[in-house]
Structure formats: structure tokens, C-alpha cells
$ cat run.cif   # mmCIF, C-alpha atoms
data_coords
loop_
_atom_site.label_atom_id
_atom_site.label_comp_id
_atom_site.auth_asym_id
_atom_site.auth_seq_id
_atom_site.Cartn_x
_atom_site.Cartn_y
_atom_site.Cartn_z
CA MET A 451 57.58 42.63 47.11
CA THR A 452 55.23 44.51 49.47
CA ARG A 453 54.15 47.95 48.30
CA GLU A 454 55.03 50.93 50.49
CA GLN A 455 52.16 51.89 52.79
CA ILE A 456 50.68 55.30 51.94
CA ALA A 457 49.82 57.72 54.74
CA VAL A 458 46.49 59.55 54.64
CA LEU A 459 46.04 62.73 56.67
CA VAL A 460 42.39 63.50 57.36
CA MET A 461 42.23 67.16 58.38
CA ALA A 462 39.56 69.21 60.14
CA TYR A 463 39.32 72.64 61.75
CA GLY A 464 39.64 71.61 65.37
CA GLY A 465 37.79 72.72 68.48
CA PRO A 466 38.23 73.05 72.24
CA GLY A 467 38.01 69.88 74.30
CA ASN A 468 36.74 71.80 77.34
CA LEU A 469 35.79 75.36 78.34
CA ASP A 470 39.30 76.21 79.58
CA GLU A 471 40.63 75.59 76.08
CA VAL A 472 38.33 78.13 74.42
CA GLU A 473 40.61 81.14 74.90
CA PRO A 474 43.84 79.52 73.63
CA TYR A 475 41.87 77.96 70.77
CA LEU A 476 40.61 81.39 69.70
CA LYS A 477 44.14 82.76 70.02
CA ASP A 478 45.35 80.07 67.63
CA ILE A 479 42.62 80.93 65.10
CA ARG A 480 43.63 84.59 65.33
CA GLY A 481 47.29 83.85 64.65
CA GLY A 482 48.41 84.56 68.22
CA ARG A 483 46.45 87.80 68.64
CA VAL A 484 44.59 88.19 71.92
CA THR A 485 40.80 87.91 71.70
CA ARG A 486 38.62 90.49 73.45
CA PRO A 487 37.48 89.09 76.84
CA GLN A 488 33.84 89.78 75.94
CA LEU A 489 34.13 87.67 72.78
CA VAL A 490 35.93 84.89 74.66
CA GLU A 491 33.06 84.73 77.17
CA GLU A 492 30.50 84.75 74.37
CA ILE A 493 32.18 81.83 72.59
CA ARG A 494 32.70 80.00 75.87
CA ALA A 495 28.96 80.35 76.56
CA ARG A 496 28.19 78.83 73.17
CA TYR A 497 30.30 75.78 73.93
CA ALA A 498 28.71 75.53 77.36
CA ARG A 499 25.31 75.29 75.64
CA ILE A 500 26.45 72.35 73.49
CA GLY A 501 28.00 70.27 76.27
CA GLY A 502 31.12 72.24 77.19
CA ARG A 503 33.29 71.01 74.32
CA SER A 504 33.50 70.47 70.59
CA PRO A 505 32.85 66.92 69.30
CA ILE A 506 34.78 67.59 66.08
CA LEU A 507 37.90 65.58 66.97
CA GLU A 508 36.10 62.40 67.96
CA LEU A 509 33.79 62.63 64.95
CA THR A 510 36.70 63.22 62.57
CA ARG A 511 38.49 60.24 64.09
CA ALA A 512 35.37 58.14 63.52
CA GLN A 513 35.30 59.29 59.89
CA ALA A 514 38.99 58.48 59.51
CA THR A 515 38.53 55.03 61.03
CA GLY A 516 35.80 54.32 58.49
CA VAL A 517 37.96 55.59 55.63
CA GLY A 518 40.83 53.38 56.77
CA LYS A 519 38.62 50.29 56.80
CA VAL A 520 37.46 50.97 53.24
CA LEU A 521 40.96 51.71 51.95
CA GLY A 522 42.56 48.62 53.47
CA ASP A 523 46.08 47.75 54.51
CA GLN A 524 47.88 49.70 51.79
CA PHE A 525 46.94 52.95 53.57
CA ASN A 526 47.54 54.19 57.12
CA VAL A 527 45.08 56.92 58.14
CA TYR A 528 45.93 59.75 60.55
CA VAL A 529 43.93 62.74 61.86
CA GLY A 530 45.25 66.29 62.21
CA MET A 531 43.56 69.56 63.20
CA ARG A 532 44.22 72.98 61.73
CA HIS A 533 43.66 75.04 64.88
CA TRP A 534 43.87 72.65 67.83
CA HIS A 535 45.36 69.42 69.07
CA PRO A 536 46.45 67.18 67.47
CA TYR A 537 47.89 69.85 65.15
CA ILE A 538 48.57 69.00 61.52
CA SER A 539 52.25 69.79 62.05
CA ASP A 540 52.54 67.36 64.97
CA VAL A 541 50.78 64.57 63.07
CA VAL A 542 53.04 65.09 60.04
CA GLU A 543 56.00 64.54 62.38
CA GLU A 544 54.34 61.33 63.56
CA ILE A 545 53.87 60.25 59.93
CA ALA A 546 57.53 60.95 59.15
CA ARG A 547 58.73 59.08 62.25
CA ALA A 548 56.67 56.08 61.17
CA GLY A 549 58.74 55.93 58.00
CA HIS A 550 56.14 57.02 55.49
CA GLN A 551 57.34 58.81 52.37
CA ARG A 552 54.00 59.54 50.69
CA VAL A 553 50.99 61.38 52.11
CA VAL A 554 47.52 62.05 50.72
CA GLY A 555 45.90 65.01 52.50
CA VAL A 556 42.13 65.47 52.55
CA ALA A 557 40.21 68.15 54.43
CA MET A 558 36.78 67.35 55.80
CA ALA A 559 35.39 70.20 53.72
CA PRO A 560 33.90 69.03 50.40
CA HIS A 561 34.11 72.42 48.62
CA TYR A 562 37.32 74.24 47.77
CA SER A 563 38.27 77.75 48.78
CA ASN A 564 41.80 79.03 48.93
CA MET A 565 40.89 80.55 52.31
CA SER A 566 39.70 77.24 53.76
CA VAL A 567 41.05 74.11 52.05
CA GLY A 568 44.00 76.16 50.77
CA ALA A 569 44.94 76.88 54.38
CA TYR A 570 45.04 73.15 55.14
CA GLU A 571 47.29 72.64 52.14
CA LYS A 572 49.73 75.30 53.39
CA LYS A 573 49.87 73.77 56.87
CA LEU A 574 50.51 70.31 55.41
CA LEU A 575 53.21 71.43 52.97
CA GLN A 576 54.97 73.56 55.59
CA ALA A 577 55.03 70.65 58.01
CA ALA A 578 56.24 68.19 55.36
CA ASP A 579 59.00 70.63 54.40
CA GLY A 580 60.10 68.57 51.42
CA ARG A 581 60.67 65.44 53.51
CA LEU A 582 57.47 63.78 52.30
CA ASP A 583 55.87 63.45 48.88
CA VAL A 584 52.48 65.16 49.36
CA THR A 585 49.33 65.26 47.29
CA LEU A 586 46.12 67.01 48.34
CA VAL A 587 42.48 66.33 47.52
CA ARG A 588 41.25 69.86 46.83
CA SER A 589 37.50 69.20 46.65
CA TRP A 590 35.31 66.14 46.71
CA TRP A 591 31.71 67.38 46.56
CA ARG A 592 31.16 65.67 43.19
CA GLU A 593 31.39 62.20 44.72
CA GLY A 594 28.11 60.35 44.25
CA PRO A 595 27.98 58.75 47.71
CA PHE A 596 28.35 62.17 49.38
CA LEU A 597 25.58 63.68 47.26
CA GLU A 598 23.35 60.66 47.83
CA GLY A 599 24.03 60.85 51.56
CA VAL A 600 22.87 64.47 51.77
CA ALA A 601 19.83 63.73 49.58
CA GLY A 602 18.92 60.83 51.84
CA ARG A 603 19.11 63.07 54.89
CA ILE A 604 16.70 65.51 53.21
CA THR A 605 14.17 62.78 52.43
CA GLU A 606 14.39 61.61 56.04
CA ALA A 607 14.09 65.12 57.53
CA LEU A 608 11.06 66.10 55.43
CA GLN A 609 9.06 63.39 57.20
CA ARG A 610 9.22 65.47 60.40
CA PHE A 611 6.83 68.01 58.87
CA PRO A 612 3.02 67.61 58.69
CA GLN A 613 3.07 68.61 54.99
CA PRO A 614 6.47 67.73 53.50
CA THR A 615 5.66 69.11 50.05
CA THR A 616 5.20 72.64 51.41
CA VAL A 617 8.53 72.83 53.23
CA GLN A 618 10.97 75.56 52.19
CA VAL A 619 14.45 74.04 51.86
CA ILE A 620 17.59 76.14 52.43
CA PHE A 621 21.07 74.76 51.76
CA THR A 622 23.74 76.41 53.91
CA ALA A 623 27.52 76.62 54.19
CA HIS A 624 30.03 78.61 56.21
CA SER A 625 30.31 82.18 54.98
CA LEU A 626 33.69 83.59 53.98
CA PRO A 627 34.81 87.20 53.43
CA GLU A 628 33.54 88.66 50.16
CA LYS A 629 37.11 89.45 49.14
CA ILE A 630 37.51 85.85 47.91
CA LEU A 631 35.38 86.78 44.88
CA ALA A 632 38.11 89.07 43.55
CA SER A 633 40.34 86.03 42.92
CA ALA A 634 37.61 83.97 41.20
CA ASP A 635 37.56 81.59 44.16
CA PRO A 636 35.46 78.52 43.21
CA TYR A 637 33.78 78.20 46.63
CA PRO A 638 30.39 79.81 45.84
CA ASP A 639 30.01 78.00 42.51
CA GLU A 640 30.97 74.62 43.96
CA LEU A 641 28.48 75.05 46.79
CA LYS A 642 25.61 75.97 44.50
CA ALA A 643 26.45 73.17 42.06
CA SER A 644 26.43 70.59 44.85
CA ALA A 645 23.14 71.96 46.21
CA ALA A 646 21.58 71.75 42.75
CA ASP A 647 22.76 68.16 42.31
CA VAL A 648 21.41 67.11 45.72
CA ALA A 649 18.12 68.93 45.09
CA GLY A 650 17.71 66.91 41.90
CA ARG A 651 18.41 63.64 43.66
CA ALA A 652 15.96 64.53 46.44
CA ARG A 653 13.36 65.65 43.86
CA LEU A 654 12.98 69.11 45.38
CA ARG A 655 10.77 71.41 43.35
CA GLU A 656 12.41 74.53 44.73
CA TRP A 657 15.17 75.43 47.14
CA ARG A 658 17.29 78.34 48.34
CA PHE A 659 20.94 78.80 49.26
CA ALA A 660 22.31 80.90 52.12
CA TYR A 661 25.44 81.36 54.18
CA GLN A 662 25.79 81.01 57.93
CA SER A 663 28.27 81.55 60.77
CA ALA A 664 29.97 84.66 59.37
CA GLY A 665 32.92 85.90 61.40
CA ALA A 666 32.76 88.77 63.87
CA THR A 667 34.67 91.25 61.69
CA SER A 668 33.75 94.54 60.06
CA GLU A 669 34.53 93.39 56.50
CA PRO A 670 31.68 92.21 54.26
CA TRP A 671 30.97 88.46 54.21
CA LEU A 672 29.26 86.34 51.58
CA GLY A 673 25.48 86.42 51.70
CA PRO A 674 22.58 86.14 51.92
CA ASP A 675 22.71 85.26 55.58
CA VAL A 676 20.53 82.32 56.54
CA ALA A 677 18.73 84.29 59.28
CA ASP A 678 17.62 86.86 56.70
CA VAL A 679 16.37 84.14 54.35
CA ILE A 680 14.45 82.37 57.13
CA THR A 681 12.86 85.68 58.14
CA GLU A 682 11.92 86.47 54.54
CA ILE A 683 10.31 83.04 54.11
CA ALA A 684 8.33 83.40 57.34
CA ARG A 685 7.10 86.88 56.44
CA ALA A 686 5.91 85.52 53.09
CA GLY A 687 3.55 83.23 55.01
CA ASN A 688 5.52 79.98 55.00
CA ASN A 689 5.75 78.21 58.35
CA ALA A 690 8.01 75.24 57.61
CA VAL A 691 11.75 75.46 56.85
CA LEU A 692 14.36 72.74 56.48
CA LEU A 693 18.04 73.67 56.70
CA VAL A 694 20.54 71.49 54.84
CA PRO A 695 24.09 72.40 55.98
CA ILE A 696 25.75 70.94 52.89
CA GLY A 697 29.05 72.68 53.60
CA PHE A 698 29.53 70.79 56.90
CA VAL A 699 30.13 67.08 57.30
CA CYS A 700 29.91 66.58 61.07
CA ASP A 701 28.37 68.05 64.21
CA HIS A 702 30.29 70.95 65.72
CA VAL A 703 29.55 74.45 67.03
CA GLU A 704 28.29 75.85 63.70
CA ILE A 705 25.66 73.11 63.66
CA LEU A 706 24.94 72.49 67.33
CA TYR A 707 24.83 76.16 68.35
CA ASP A 708 24.41 78.34 65.25
CA ILE A 709 21.52 76.23 63.95
CA ASP A 710 20.21 74.20 66.89
CA VAL A 711 20.26 77.09 69.38
CA GLU A 712 20.31 80.42 67.52
CA GLY A 713 18.35 79.16 64.52
CA GLN A 714 15.68 77.57 66.69
CA ALA A 715 15.38 80.74 68.79
CA LEU A 716 14.75 82.72 65.59
CA ALA A 717 12.17 80.17 64.41
CA GLN A 718 10.31 80.41 67.71
CA ARG A 719 10.19 84.20 67.44
CA LEU A 720 8.85 83.88 63.90
CA GLY A 721 6.35 81.17 64.85
CA ILE A 722 7.59 78.60 62.31
CA GLN A 723 8.79 75.00 62.38
CA LEU A 724 12.52 74.80 61.67
CA GLU A 725 14.33 71.50 61.23
CA ARG A 726 17.75 70.54 59.89
CA THR A 727 19.13 67.45 58.24
CA ARG A 728 21.18 65.16 60.46
CA SER A 729 24.91 65.57 59.95
CA LEU A 730 26.57 62.81 57.96
CA ASN A 731 29.29 62.30 60.61
CA ASP A 732 30.69 58.81 59.90
CA ASP A 733 27.83 57.72 57.62
CA PRO A 734 29.09 54.95 55.27
CA ARG A 735 28.27 57.13 52.23
CA LEU A 736 30.52 59.94 53.46
CA VAL A 737 33.25 57.43 54.29
CA ALA A 738 32.95 55.88 50.81
CA ALA A 739 33.22 59.29 49.13
CA VAL A 740 36.38 60.26 51.02
CA ALA A 741 38.00 56.85 50.54
CA ALA A 742 37.32 57.04 46.79
CA VAL A 743 38.99 60.44 46.33
CA VAL A 744 41.97 59.40 48.45
CA ARG A 745 42.47 56.28 46.35
CA ASP A 746 42.09 58.29 43.14
CA ALA A 747 44.63 60.87 44.32
CA ALA A 748 47.16 58.14 45.11
CA ALA A 749 46.54 56.41 41.80
CA GLN A 750 47.00 59.65 39.85
CA ARG A 751 50.43 60.03 41.40
CA GLY A 752 51.33 56.49 40.38
CA TRP A 753 51.58 55.35 43.99
CA MET A 754 49.35 52.32 43.46
#
$ encode --input "run.cif" --output "C-alpha cells"
Amino acid sequence: MTREQIAVLVMAYGGPGNLDEVEPYLKDIRGGRVTRPQLVEEIRARYARIGGRSPILELTRAQATGVGKVLGDQFNVYVGMRHWHPYISDVVEEIARAGHQRVVGVAMAPHYSNMSVGAYEKKLLQAADGRLDVTLVRSWWREGPFLEGVAGRITEALQRFPQPTTVQVIFTAHSLPEKILASADPYPDELKASAADVAGRARLREWRFAYQSAGATSEPWLGPDVADVITEIARAGNNAVLLVPIGFVCDHVEILYDIDVEGQALAQRLGIQLERTRSLNDDPRLVAAVAAVVRDAAAQRGWM
């Protein structure tokens, strides 16, 4: 008897496919509220600087294709976006129409926060609406292949500096509002634990951690901000900094603009060399890590 094929929903944030999609994309992020025209133009200009679109969908699809190859025929892998097409809800309908009864959801965010991964979980469960048996991978930063992949990127990137042993290394992740701390959200601890593990694997003598890409709101966000840390390092007389965006697993606007454009502009003003590790994208080590946690999640539910 052939086992029932298990659906896997690989989820990511989403991004505009062209400049005309920027405004409706921002409206979706803001829950239908209209975005100030000035902010729309600012965000549109950022996407214009990185090629006029976000590459997140094609890169997530490449990741999902790799995961599907590792998992084999017992799994059928789909891709859904939280804030743009193809929406998670639409892909769940596709999964249901295909006759699947069981779904493993995994967000392309290795570290758990109720505000981030928790939001993917809500979208998935709402769309499934009891019709599908759903299990979610909540975090997967502990997977050895992921940690080894990031460590390997550090070793590679350090060779771009004249004196690799003097480079100041800063791990970064997307900032979130400080209010998450009131609920003992595990996000900051998971980030720092993964950075410490990678630093050990890469044999770093010292390293720092900072947040980036905070939202344009008046509420306080998690810090320190990476720009402040870079400035502090430069003013202390260090002229070589390597950013390791451990909280991100593929190229998108927070990497291609926030680091490659804004970060480099800051480095030029400070007179320092700033580099970043290459994103993992569909690196086989990332693919192996995600495939492993998907298989484990299915096995824990007795689906295999």
C-alpha cells in the first residue's frame, strides 16, 4: 500500500515583483491601512536600487525545490508568501484541491518569535480551517548544516580582508519591537545562541551582535542597531567589519539595500572596509537543514 503523500508549505515574507506592486504590498503589510505617499516613494526607491523588484519568491522557490529533492517522493513541496503572491491562503487551497490531508509548515526564518514565525502559523491555520492536519516547524537554527553553512560563509568572507584576524565580526538579524520582551519571546536568546555556535565553528576570537532594519514606527525596537555598532567600532580605530546576517536566509531588500547600499554608504563615510557574508540562498547545507526538520516534524506526528 502506498503511503499518503505529505504536503510541505515553505513560507517566506514576500516582496513586490515590480515597482508598481510596492504600494499594494505595503498596504498588505499594514493590514489594509494606507501608507504615506512619502514612505511609498522611499520604499519604491529602495527597490529601484536593487533591480526594481524583490528576488525573495524565486529564491524561496529554489530553496523549496532543493528541499523537495532531498525529501523525495513521499513529500510534495509548495511555496506560499505571507504578504504577497502567492499568498499562503491561496497555496493552502491548492494543497487541499490536490487531495492532501497533512501539511508540514516551515518558515524561512530559523529563529522563533511569536511576532514573526507565529504570524506564519496563524495564516496557515486560518487557511487550513480544520480541513487539513497541520504541524509547524517553529525554529530550526539548531540544525548543524545551517550552522556550518553560516560558518563557512564567514571563513570565505574573511579572505576578502588584508588582515583577516583583525576583522570585527557583527552578527545581525531583523529587529522587532521591544514589546516582545514582555512575553519572554525566545527570539533574542535564539539569535544569540546561534551566533555563539557559529562563532565557535568559525573559530572567531570575538564577535558582536546587533539588529538591523527596524520598522518606521515611534515605538522602541530591539537594539543595538547595527549602524551604531559599526560607528562605535570605527571610532575605536578599527577599519575592517564583517556583517553576518544570521537571521536571514536569502537575498532580499534587507540584505541588498539595508546592508549593500545603506551599510556601504555608512562605511564609506567612516572610512572603513565593510563586507558581508554571502546569503545561503539555496546552498545545499541550508536545504539539508530544512529538509531534516520537515522530516522530523512529520515523523513526530506519526505520518511516516
$ closest_residue --input "run.cif" --among "A:Leu489, A:Leu693, A:Val458, A:Arg685" --to "Thr667 in chain A" --atoms "only C-alpha atoms"
A:Leu489
$ residues_around --input "run.cif" --residues "Val711 in chain A" --least-positions-apart "5" --cutoff "9 Å" --atoms "all atoms listed in the file" --output "PyMOL selection string"
chain A and resi 496+499-500+705-706+716
$ residues_around --input "run.cif" --residues "Ile680 in chain A" --least-positions-apart "5" --cutoff "9 Å" --atoms "only C-alpha atoms" --output "list of chain:residue names"
A:Ile620, A:Asp675, A:Arg685, A:Val691, A:Gly713, A:Leu716, A:Ala717, A:Leu720
$ resolve_selection --input "run.cif" --expression "the PyMOL selection byres ((chain A and resi 684) around 12)" --output "PyMOL selection string"
chain A and resi 617-618+677-683+685-691+716-724
$ write_last_selection --input "run.cif" --atoms "C-alpha atoms" --output "PDB file, in the coordinates of the input"
ATOM      1  CA  VAL A 617       8.530  72.830  53.230  1.00  0.00           C
ATOM      2  CA  GLN A 618      10.970  75.560  52.190  1.00  0.00           C
ATOM      3  CA  ALA A 677      18.730  84.290  59.280  1.00  0.00           C
ATOM      4  CA  ASP A 678      17.620  86.860  56.700  1.00  0.00           C
ATOM      5  CA  VAL A 679      16.370  84.140  54.350  1.00  0.00           C
ATOM      6  CA  ILE A 680      14.450  82.370  57.130  1.00  0.00           C
ATOM      7  CA  THR A 681      12.860  85.680  58.140  1.00  0.00           C
ATOM      8  CA  GLU A 682      11.920  86.470  54.540  1.00  0.00           C
ATOM      9  CA  ILE A 683      10.310  83.040  54.110  1.00  0.00           C
ATOM     10  CA  ARG A 685       7.100  86.880  56.440  1.00  0.00           C
ATOM     11  CA  ALA A 686       5.910  85.520  53.090  1.00  0.00           C
ATOM     12  CA  GLY A 687       3.550  83.230  55.010  1.00  0.00           C
ATOM     13  CA  ASN A 688       5.520  79.980  55.000  1.00  0.00           C
ATOM     14  CA  ASN A 689       5.750  78.210  58.350  1.00  0.00           C
ATOM     15  CA  ALA A 690       8.010  75.240  57.610  1.00  0.00           C
ATOM     16  CA  VAL A 691      11.750  75.460  56.850  1.00  0.00           C
ATOM     17  CA  LEU A 716      14.750  82.720  65.590  1.00  0.00           C
ATOM     18  CA  ALA A 717      12.170  80.170  64.410  1.00  0.00           C
ATOM     19  CA  GLN A 718      10.310  80.410  67.710  1.00  0.00           C
ATOM     20  CA  ARG A 719      10.190  84.200  67.440  1.00  0.00           C
ATOM     21  CA  LEU A 720       8.850  83.880  63.900  1.00  0.00           C
ATOM     22  CA  GLY A 721       6.350  81.170  64.850  1.00  0.00           C
ATOM     23  CA  ILE A 722       7.590  78.600  62.310  1.00  0.00           C
ATOM     24  CA  GLN A 723       8.790  75.000  62.380  1.00  0.00           C
ATOM     25  CA  LEU A 724      12.520  74.800  61.670  1.00  0.00           C
TER      26      LEU A 724
END
$ closest_residue --input "run.cif" --among "A:Val740, A:Ala666, A:Met754, A:Val554" --to "Thr485 in chain A" --atoms "all atoms listed in the file"
A:Ala666
$ resolve_selection --input "run.cif" --expression "the PyMOL selection byres ((chain A and resi 577-584) around 7)" --output "PDB file with C-alpha atoms, in the coordinates of the input"
ATOM      1  CA  SER A 539      52.250  69.790  62.050  1.00  0.00           C
ATOM      2  CA  VAL A 542      53.040  65.090  60.040  1.00  0.00           C
ATOM      3  CA  GLN A 551      57.340  58.810  52.370  1.00  0.00           C
ATOM      4  CA  ARG A 552      54.000  59.540  50.690  1.00  0.00           C
ATOM      5  CA  VAL A 553      50.990  61.380  52.110  1.00  0.00           C
ATOM      6  CA  VAL A 554      47.520  62.050  50.720  1.00  0.00           C
ATOM      7  CA  LYS A 573      49.870  73.770  56.870  1.00  0.00           C
ATOM      8  CA  LEU A 574      50.510  70.310  55.410  1.00  0.00           C
ATOM      9  CA  LEU A 575      53.210  71.430  52.970  1.00  0.00           C
ATOM     10  CA  GLN A 576      54.970  73.560  55.590  1.00  0.00           C
ATOM     11  CA  THR A 585      49.330  65.260  47.290  1.00  0.00           C
ATOM     12  CA  LEU A 586      46.120  67.010  48.340  1.00  0.00           C
TER      13      LEU A 586
END
$ resolve_selection --input "run.cif" --expression "the PyMOL selection byres ((chain A and resi 556-567) around 9)" --output "PDB file with C-alpha atoms, in the frame of the given file"
ATOM      1  CA  VAL A 458      46.490  59.550  54.640  1.00  0.00           C
ATOM      2  CA  LEU A 459      46.040  62.730  56.670  1.00  0.00           C
ATOM      3  CA  VAL A 460      42.390  63.500  57.360  1.00  0.00           C
ATOM      4  CA  MET A 461      42.230  67.160  58.380  1.00  0.00           C
ATOM      5  CA  ALA A 462      39.560  69.210  60.140  1.00  0.00           C
ATOM      6  CA  TYR A 463      39.320  72.640  61.750  1.00  0.00           C
ATOM      7  CA  THR A 510      36.700  63.220  62.570  1.00  0.00           C
ATOM      8  CA  VAL A 554      47.520  62.050  50.720  1.00  0.00           C
ATOM      9  CA  GLY A 555      45.900  65.010  52.500  1.00  0.00           C
ATOM     10  CA  GLY A 568      44.000  76.160  50.770  1.00  0.00           C
ATOM     11  CA  ALA A 569      44.940  76.880  54.380  1.00  0.00           C
ATOM     12  CA  TYR A 570      45.040  73.150  55.140  1.00  0.00           C
ATOM     13  CA  GLU A 571      47.290  72.640  52.140  1.00  0.00           C
ATOM     14  CA  LYS A 572      49.730  75.300  53.390  1.00  0.00           C
ATOM     15  CA  THR A 585      49.330  65.260  47.290  1.00  0.00           C
ATOM     16  CA  LEU A 586      46.120  67.010  48.340  1.00  0.00           C
ATOM     17  CA  VAL A 587      42.480  66.330  47.520  1.00  0.00           C
ATOM     18  CA  ARG A 588      41.250  69.860  46.830  1.00  0.00           C
ATOM     19  CA  SER A 589      37.500  69.200  46.650  1.00  0.00           C
ATOM     20  CA  TRP A 590      35.310  66.140  46.710  1.00  0.00           C
ATOM     21  CA  TRP A 591      31.710  67.380  46.560  1.00  0.00           C
ATOM     22  CA  ARG A 592      31.160  65.670  43.190  1.00  0.00           C
ATOM     23  CA  PHE A 596      28.350  62.170  49.380  1.00  0.00           C
ATOM     24  CA  LEU A 626      33.690  83.590  53.980  1.00  0.00           C
ATOM     25  CA  ILE A 630      37.510  85.850  47.910  1.00  0.00           C
ATOM     26  CA  ASP A 635      37.560  81.590  44.160  1.00  0.00           C
ATOM     27  CA  PRO A 636      35.460  78.520  43.210  1.00  0.00           C
ATOM     28  CA  TYR A 637      33.780  78.200  46.630  1.00  0.00           C
ATOM     29  CA  PRO A 638      30.390  79.810  45.840  1.00  0.00           C
ATOM     30  CA  GLU A 640      30.970  74.620  43.960  1.00  0.00           C
ATOM     31  CA  LEU A 641      28.480  75.050  46.790  1.00  0.00           C
ATOM     32  CA  SER A 644      26.430  70.590  44.850  1.00  0.00           C
ATOM     33  CA  ILE A 696      25.750  70.940  52.890  1.00  0.00           C
ATOM     34  CA  GLY A 697      29.050  72.680  53.600  1.00  0.00           C
ATOM     35  CA  PHE A 698      29.530  70.790  56.900  1.00  0.00           C
ATOM     36  CA  VAL A 699      30.130  67.080  57.300  1.00  0.00           C
ATOM     37  CA  CYS A 700      29.910  66.580  61.070  1.00  0.00           C
ATOM     38  CA  VAL A 740      36.380  60.260  51.020  1.00  0.00           C
ATOM     39  CA  VAL A 743      38.990  60.440  46.330  1.00  0.00           C
ATOM     40  CA  VAL A 744      41.970  59.400  48.450  1.00  0.00           C
TER      41      VAL A 744
END
$ atom_distance --input "run.cif" --atom1 "CA of Arg511 in chain A" --atom2 "CA of His533 in chain A"
15.7 Å
$ atom_distance --input "run.cif" --atom1 "CA of Ala607 in chain A" --atom2 "CA of Glu712 in chain A"
19.3 Å
$ closest_atom_pairs --input "run.cif" --of "range 565-624 of chain A" --to "range 645-654 of chain A" --cutoff "7 Å" --atoms "all atoms listed in the file" --output "tab-separated table"
residue	atom	partner	partner_atom	distance
A:Leu597	CA	A:Val648	CA	5.6
A:Val600	CA	A:Val648	CA	6.8
A:Ala601	CA	A:Ala652	CA	5.0
A:Ile604	CA	A:Ala652	CA	6.9
A:Thr605	CA	A:Ala652	CA	6.5
A:Phe621	CA	A:Ala645	CA	6.6
$ atom_distance --input "run.cif" --atom1 "CA of Ala741 in chain A" --atom2 "CA of Ala643 in chain A"
21.7 Å
$ closest_residue --input "run.cif" --among "A:Val676, A:Gly602, A:Ile456, A:Ala623" --to "Ala548 in chain A" --atoms "only C-alpha atoms"
A:Ile456
$ residues_around --input "run.cif" --residues "Ser663 in chain A" --least-positions-apart "6" --cutoff "7 Å" --atoms "only C-alpha atoms" --output "MDAnalysis selection string"
chainID A and resid 624:625 704 708
$ residues_around --input "run.cif" --residues "Leu469 in chain A" --least-positions-apart "4" --cutoff "10 Å" --atoms "all atoms listed in the file" --output "MDAnalysis selection string"
chainID A and resid 473 491 493:498 501:504
$ residues_around --input "run.cif" --residues "Gly599 in chain A" --least-positions-apart "6" --cutoff "10 Å" --atoms "all atoms listed in the file" --output "list in words"
Val648, Ser729, Leu730, Asp733, Pro734, Arg735, Leu736 and Ala739 of chain A
$ closest_residue --input "run.cif" --among "A:Ile709, A:Leu509, A:Ala748, A:Leu631" --to "Gln524 in chain A" --atoms "only C-alpha atoms"
A:Ala748
$ decode --input "run.cif" --residues "range 487-505 of chain A" --atoms "N, CA and C atoms" --output "PDB file, in the first residue's frame"
ATOM      1  N   PRO A 487       2.307  58.576   1.222  1.00  0.00           N
ATOM      2  CA  PRO A 487       2.931  58.631  -0.113  1.00  0.00           C
ATOM      3  C   PRO A 487       4.451  58.796  -0.054  1.00  0.00           C
ATOM      4  N   GLN A 488       4.926  59.592   0.919  1.00  0.00           N
ATOM      5  CA  GLN A 488       6.366  59.802   1.047  1.00  0.00           C
ATOM      6  C   GLN A 488       7.090  58.493   1.347  1.00  0.00           C
ATOM      7  N   LEU A 489       6.493  57.672   2.235  1.00  0.00           N
ATOM      8  CA  LEU A 489       7.109  56.393   2.576  1.00  0.00           C
ATOM      9  C   LEU A 489       7.034  55.425   1.401  1.00  0.00           C
ATOM     10  N   VAL A 490       5.927  55.447   0.671  1.00  0.00           N
ATOM     11  CA  VAL A 490       5.807  54.589  -0.509  1.00  0.00           C
ATOM     12  C   VAL A 490       6.924  54.902  -1.496  1.00  0.00           C
ATOM     13  N   GLU A 491       7.154  56.193  -1.745  1.00  0.00           N
ATOM     14  CA  GLU A 491       8.207  56.586  -2.688  1.00  0.00           C
ATOM     15  C   GLU A 491       9.592  56.203  -2.184  1.00  0.00           C
ATOM     16  N   GLU A 492       9.777  56.309  -0.872  1.00  0.00           N
ATOM     17  CA  GLU A 492      11.073  55.929  -0.294  1.00  0.00           C
ATOM     18  C   GLU A 492      11.331  54.436  -0.487  1.00  0.00           C
ATOM     19  N   ILE A 493      10.318  53.612  -0.205  1.00  0.00           N
ATOM     20  CA  ILE A 493      10.475  52.165  -0.358  1.00  0.00           C
ATOM     21  C   ILE A 493      10.604  51.793  -1.831  1.00  0.00           C
ATOM     22  N   ARG A 494       9.856  52.478  -2.674  1.00  0.00           N
ATOM     23  CA  ARG A 494       9.951  52.218  -4.117  1.00  0.00           C
ATOM     24  C   ARG A 494      11.374  52.527  -4.610  1.00  0.00           C
ATOM     25  N   ALA A 495      11.962  53.601  -4.094  1.00  0.00           N
ATOM     26  CA  ALA A 495      13.326  53.959  -4.489  1.00  0.00           C
ATOM     27  C   ALA A 495      14.329  52.891  -4.050  1.00  0.00           C
ATOM     28  N   ARG A 496      14.072  52.287  -2.901  1.00  0.00           N
ATOM     29  CA  ARG A 496      14.962  51.217  -2.430  1.00  0.00           C
ATOM     30  C   ARG A 496      14.919  50.025  -3.387  1.00  0.00           C
ATOM     31  N   TYR A 497      13.708  49.650  -3.777  1.00  0.00           N
ATOM     32  CA  TYR A 497      13.600  48.528  -4.712  1.00  0.00           C
ATOM     33  C   TYR A 497      14.192  48.879  -6.075  1.00  0.00           C
ATOM     34  N   ALA A 498      14.066  50.134  -6.472  1.00  0.00           N
ATOM     35  CA  ALA A 498      14.670  50.557  -7.735  1.00  0.00           C
ATOM     36  C   ALA A 498      16.189  50.367  -7.695  1.00  0.00           C
ATOM     37  N   ARG A 499      16.784  50.619  -6.542  1.00  0.00           N
ATOM     38  CA  ARG A 499      18.239  50.481  -6.388  1.00  0.00           C
ATOM     39  C   ARG A 499      18.698  49.023  -6.457  1.00  0.00           C
ATOM     40  N   ILE A 500      17.795  48.083  -6.155  1.00  0.00           N
ATOM     41  CA  ILE A 500      18.215  46.674  -6.147  1.00  0.00           C
ATOM     42  C   ILE A 500      17.654  45.893  -7.340  1.00  0.00           C
ATOM     43  N   GLY A 501      17.290  46.639  -8.400  1.00  0.00           N
ATOM     44  CA  GLY A 501      16.844  45.968  -9.617  1.00  0.00           C
ATOM     45  C   GLY A 501      15.366  46.088  -9.910  1.00  0.00           C
ATOM     46  N   GLY A 502      14.634  46.857  -9.087  1.00  0.00           N
ATOM     47  CA  GLY A 502      13.226  47.109  -9.372  1.00  0.00           C
ATOM     48  C   GLY A 502      12.265  46.047  -8.883  1.00  0.00           C
ATOM     49  N   ARG A 503      12.749  45.095  -8.097  1.00  0.00           N
ATOM     50  CA  ARG A 503      11.898  44.001  -7.623  1.00  0.00           C
ATOM     51  C   ARG A 503      12.583  43.279  -6.476  1.00  0.00           C
ATOM     52  N   SER A 504      11.814  42.450  -5.788  1.00  0.00           N
ATOM     53  CA  SER A 504      12.397  41.588  -4.761  1.00  0.00           C
ATOM     54  C   SER A 504      12.668  40.203  -5.353  1.00  0.00           C
ATOM     55  N   PRO A 505      13.832  39.615  -5.073  1.00  0.00           N
ATOM     56  CA  PRO A 505      14.110  38.263  -5.564  1.00  0.00           C
ATOM     57  C   PRO A 505      13.624  37.172  -4.609  1.00  0.00           C
TER      58      PRO A 505
END
